[in-house]
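The file query34.cif contains mmCIF, C-alpha atoms:
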data_protein
#
loop_
_atom_site.label_atom_id
_atom_site.label_comp_id
_atom_site.auth_asym_id
_atom_site.auth_seq_id
_atom_site.Cartn_x
_atom_site.Cartn_y
_atom_site.Cartn_z
CA MET A 1 91.22 97.91 110.15
CA SER A 2 91.84 101.43 111.37
CA LYS A 3 92.03 103.29 108.01
CA LYS A 4 89.53 103.33 105.17
CA LEU A 5 90.51 101.82 101.83
CA SER A 6 90.32 103.97 98.71
CA LYS A 7 88.31 102.90 95.66
CA ASN A 8 91.57 102.00 93.90
CA GLN A 9 92.72 99.86 96.82
CA LEU A 10 89.38 98.05 96.91
CA LYS A 11 89.61 97.49 93.16
CA GLU A 12 93.14 96.06 93.58
CA LEU A 13 91.88 93.69 96.26
CA LYS A 14 88.93 92.68 94.09
CA ASP A 15 91.21 92.01 91.12
CA CYS A 16 93.50 89.95 93.34
CA PHE A 17 90.55 88.06 94.84
CA ASP A 18 89.20 87.31 91.36
CA LEU A 19 92.57 85.86 90.33
CA PHE A 20 92.49 83.49 93.31
CA ASP A 21 88.83 82.55 92.83
CA ASN A 22 89.59 80.22 89.92
CA ASP A 23 86.08 78.80 89.57
CA LYS A 24 84.47 82.28 89.84
CA SER A 25 82.19 81.07 92.65
CA GLY A 26 82.58 84.28 94.64
CA SER A 27 84.70 82.61 97.30
CA ILE A 28 88.15 81.09 97.68
CA SER A 29 88.07 77.41 98.59
CA SER A 30 90.81 75.56 100.40
CA ARG A 31 91.75 73.92 97.08
CA GLU A 32 92.11 77.36 95.46
CA MET A 33 94.14 78.58 98.44
CA LYS A 34 96.43 75.54 98.13
CA LYS A 35 96.88 76.22 94.41
CA LEU A 36 97.69 79.86 95.18
CA CYS A 37 100.32 78.88 97.75
CA ASP A 38 101.83 76.36 95.32
CA SER A 39 102.03 78.99 92.57
CA LEU A 40 103.90 81.28 94.95
CA GLY A 41 106.35 78.52 95.81
CA ILE A 42 104.93 78.19 99.32
CA ARG A 43 104.82 74.58 100.41
CA ILE A 44 101.93 74.24 102.81
CA GLY A 45 100.69 71.09 104.50
CA ASP A 46 97.08 70.23 105.24
CA ARG A 47 97.35 71.41 108.85
CA GLU A 48 98.82 74.80 107.87
CA LEU A 49 96.25 75.16 105.09
CA ASN A 50 93.41 74.52 107.56
CA GLU A 51 94.88 77.04 109.99
CA LEU A 52 95.16 79.66 107.24
CA MET A 53 91.60 79.03 106.08
CA ASN A 54 90.28 79.19 109.66
CA LEU A 55 92.11 82.47 110.21
CA MET A 56 90.51 84.07 107.17
CA ASP A 57 87.10 82.33 107.21
CA SER A 58 85.39 84.38 109.92
CA ASP A 59 81.88 83.06 109.23
CA GLY A 60 82.92 79.40 109.30
CA SER A 61 81.54 78.66 105.82
CA GLY A 62 84.63 76.72 104.76
CA SER A 63 85.63 79.27 102.13
CA ILE A 64 86.76 82.89 102.01
CA ASP A 65 84.38 85.44 100.54
CA PHE A 66 85.45 88.90 99.36
CA LYS A 67 84.52 90.62 102.64
CA GLU A 68 86.65 88.16 104.63
CA PHE A 69 89.48 88.59 102.13
CA VAL A 70 89.33 92.38 102.53
CA ASN A 71 89.27 92.11 106.33
CA VAL A 72 92.52 90.16 106.30
CA MET A 73 94.31 91.91 103.44
CA ALA A 74 93.33 95.56 103.99
CA ASP A 75 95.88 96.25 106.69
CA GLN A 76 98.62 95.33 104.21
CA PHE A 77 97.94 98.60 102.36
CA PHE A 78 98.85 100.61 105.46
CA ARG A 79 101.86 98.62 106.60
CA GLU A 80 105.42 99.30 105.53
CA PRO A 81 107.14 96.11 104.39
CA THR A 82 110.22 95.17 106.37
CA PRO A 83 113.64 95.16 104.71
CA ALA A 84 113.63 91.34 104.94
CA GLU A 85 110.24 91.17 103.19
CA LEU A 86 111.46 93.47 100.42
CA GLU A 87 114.60 91.36 99.96
CA ALA A 88 112.54 88.15 99.82
CA ALA A 89 110.12 89.66 97.31
CA PHE A 90 112.96 90.84 95.08
CA ASP A 91 114.62 87.42 95.31
CA THR A 92 111.36 85.77 94.18
CA PHE A 93 111.59 87.72 90.94
CA ASP A 94 115.40 87.58 90.55
CA GLN A 95 115.50 83.91 89.62
CA ASP A 96 119.13 83.87 88.43
CA LYS A 97 120.35 85.89 91.44
CA SER A 98 121.98 88.48 89.17
CA GLY A 99 120.79 91.43 91.24
CA TYR A 100 118.37 92.43 88.48
CA ILE A 101 114.90 91.43 87.34
CA ASN A 102 114.95 91.03 83.59
CA GLU A 103 112.05 90.72 81.17
CA GLU A 104 112.03 86.92 81.18
CA GLU A 105 112.08 86.67 85.00
CA LEU A 106 109.26 89.16 85.36
CA LEU A 107 107.23 87.32 82.72
CA VAL A 108 107.64 83.99 84.54
CA VAL A 109 106.59 85.35 87.94
CA MET A 110 103.75 87.50 86.65
CA SER A 111 102.40 84.56 84.63
CA ARG A 112 101.97 82.68 87.91
CA PHE A 113 99.56 85.39 89.04
CA LYS A 114 97.91 86.25 85.77
CA GLY A 115 98.20 83.60 83.11
CA ASN A 116 97.49 85.76 80.07
CA ILE A 117 100.25 88.33 80.57
CA THR A 118 102.14 89.21 77.41
CA LYS A 119 105.73 90.17 76.70
CA SER A 120 104.43 93.63 75.79
CA ASP A 121 102.75 93.93 79.22
CA VAL A 122 106.05 93.03 80.89
CA GLN A 123 107.99 95.53 78.79
CA LYS A 124 105.55 98.26 79.86
CA MET A 125 105.97 97.27 83.53
CA ILE A 126 109.73 97.43 83.27
CA SER A 127 109.78 100.76 81.46
CA ALA A 128 107.48 102.25 84.11
CA VAL A 129 109.97 101.56 86.92
CA ASP A 130 113.33 101.34 85.12
CA LYS A 131 114.85 104.70 86.08
CA ASP A 132 118.34 104.00 84.68
CA ARG A 133 116.89 102.71 81.37
CA ASP A 134 118.89 99.48 81.23
CA ASN A 135 115.75 97.39 80.46
CA ARG A 136 115.84 95.60 83.79
CA ILE A 137 114.82 96.36 87.36
CA ASN A 138 117.50 96.65 90.02
CA LYS A 139 116.85 96.22 93.72
CA LYS A 140 116.65 99.98 94.37
CA GLU A 141 114.06 100.47 91.61
CA PHE A 142 112.07 97.51 92.93
CA ILE A 143 112.07 98.79 96.51
CA ASN A 144 111.11 102.30 95.38
CA ILE A 145 108.11 101.06 93.41
CA VAL A 146 106.91 98.83 96.27
CA LEU A 147 107.25 101.57 98.89
CA ASN A 148 105.65 104.22 96.67
CA HIS A 149 102.82 101.86 95.69
CA ASN A 150 102.01 101.23 99.37
CA LYS A 151 101.55 104.97 99.91
CA ASN A 152 98.90 105.30 97.19
#
Take the structure from the file and write it as structure tokens.
Amino acid sequence: MSKKLSKNQLKELKDCFDLFDNDKSGSISSREMKKLCDSLGIRIGDRELNELMNLMDSDGSGSIDFKEFVNVMADQFFREPTPAELEAAFDTFDQDKSGYINEEELLVVMSRFKGNITKSDVQKMISAVDKDRDNRINKKEFINIVLNHNKN
């Protein structure tokens, strides 16, 4: 990692790590990693799961602690997503392929990450990025928020 993470970036990584660490043990087990992949719609076999865990588990403990998580994820803060990655991310949210992310779609996807998200939380998220005020997020608004977020 060539650049230093800000306090906010470290907090974001910690919050993310805590979401994945379902049993609050302070590390992410292979079972938790599998559950995470499943929740993201990523079908991963045992071999791929072992490869992923080995890639991240630098101390060979069999699980991923916060330091190992940061070592792998930190570079993502300084990398521009590719157009294909942005398209794929938008498509994950745009379940009905309408070209927009509506309140219901955002609620479904965000609930996968954070189970206790409310409709009010989703409405606030949409209003924060909805520049044309049509109560939904179009692809341009989505890309702008992702690219601007990566610069903070």
Please evaluate the PyMOL selection byres ((chain A and resi 14-27) around 8) against the displayed coordinates and give the resulting residues as a ChimeraX atom specification.
-> /A:10-13,28-29,32-33,36,63-66,69,113-114
Would you output that residue set with C-alpha atoms, as a PDB file, keeping the file's coordinate frame?
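As written to disk, result-v2.pdb reads:
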ATOM      1  CA  LEU A  10      89.380  98.050  96.910  1.00  0.00           C
ATOM      2  CA  LYS A  11      89.610  97.490  93.160  1.00  0.00           C
ATOM      3  CA  GLU A  12      93.140  96.060  93.580  1.00  0.00           C
ATOM      4  CA  LEU A  13      91.880  93.690  96.260  1.00  0.00           C
ATOM      5  CA  ILE A  28      88.150  81.090  97.680  1.00  0.00           C
ATOM      6  CA  SER A  29      88.070  77.410  98.590  1.00  0.00           C
ATOM      7  CA  GLU A  32      92.110  77.360  95.460  1.00  0.00           C
ATOM      8  CA  MET A  33      94.140  78.580  98.440  1.00  0.00           C
ATOM      9  CA  LEU A  36      97.690  79.860  95.180  1.00  0.00           C
ATOM     10  CA  SER A  63      85.630  79.270 102.130  1.00  0.00           C
ATOM     11  CA  ILE A  64      86.760  82.890 102.010  1.00  0.00           C
ATOM     12  CA  ASP A  65      84.380  85.440 100.540  1.00  0.00           C
ATOM     13  CA  PHE A  66      85.450  88.900  99.360  1.00  0.00           C
ATOM     14  CA  PHE A  69      89.480  88.590 102.130  1.00  0.00           C
ATOM     15  CA  PHE A 113      99.560  85.390  89.040  1.00  0.00           C
ATOM     16  CA  LYS A 114      97.910  86.250  85.770  1.00  0.00           C
TER      17      LYS A 114
END
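You can rank A:Arg47, A:Asn71, A:Glu141, A:Glu103 by their closest distance to Lys124 of chain A using only C-alpha atoms, and at the top of that list sits A:Glu103.
Counting only C-alpha atoms and comparing A:Val122, A:Glu104, A:Met110, A:Glu87, the residue that lies closest to Phe142 of chain A is A:Glu87.
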Sorted by chain and rising residue number, list the residues of segment 21-128 of chain A at most 8 Å from segment 132-140 of chain A (counting only C-alpha atoms), each with its closest atom pair and distance in Å to one decimal, as CSV.
residue,atom,partner,partner_atom,distance
A:Phe90,CA,A:Lys139,CA,6.8
A:Gly99,CA,A:Asn138,CA,6.3
A:Tyr100,CA,A:Asn138,CA,4.6
A:Ile101,CA,A:Ile137,CA,4.9
A:Asn102,CA,A:Arg136,CA,4.7
A:Glu103,CA,A:Arg136,CA,6.7
A:Ile126,CA,A:Arg136,CA,6.4
A:Ser127,CA,A:Asn135,CA,6.9
As a check of understanding: the span from atom CA of Ser58 of chain A to atom CA of Val72 of chain A is 9.9 Å
One decimal place gives the atom CA of Gln9 of chain A-atom CA of Leu52 of chain A separation as 22.9 Å
With distances taken over all atoms listed in the file, the candidate from A:Gln123, A:Ile143, A:Lys4, A:Gly45 nearest Ala84 of chain A is A:Ile143
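Take atom CA of Val146 of chain A and atom CA of Ser6 of chain A: the distance between them is 17.5 Å.
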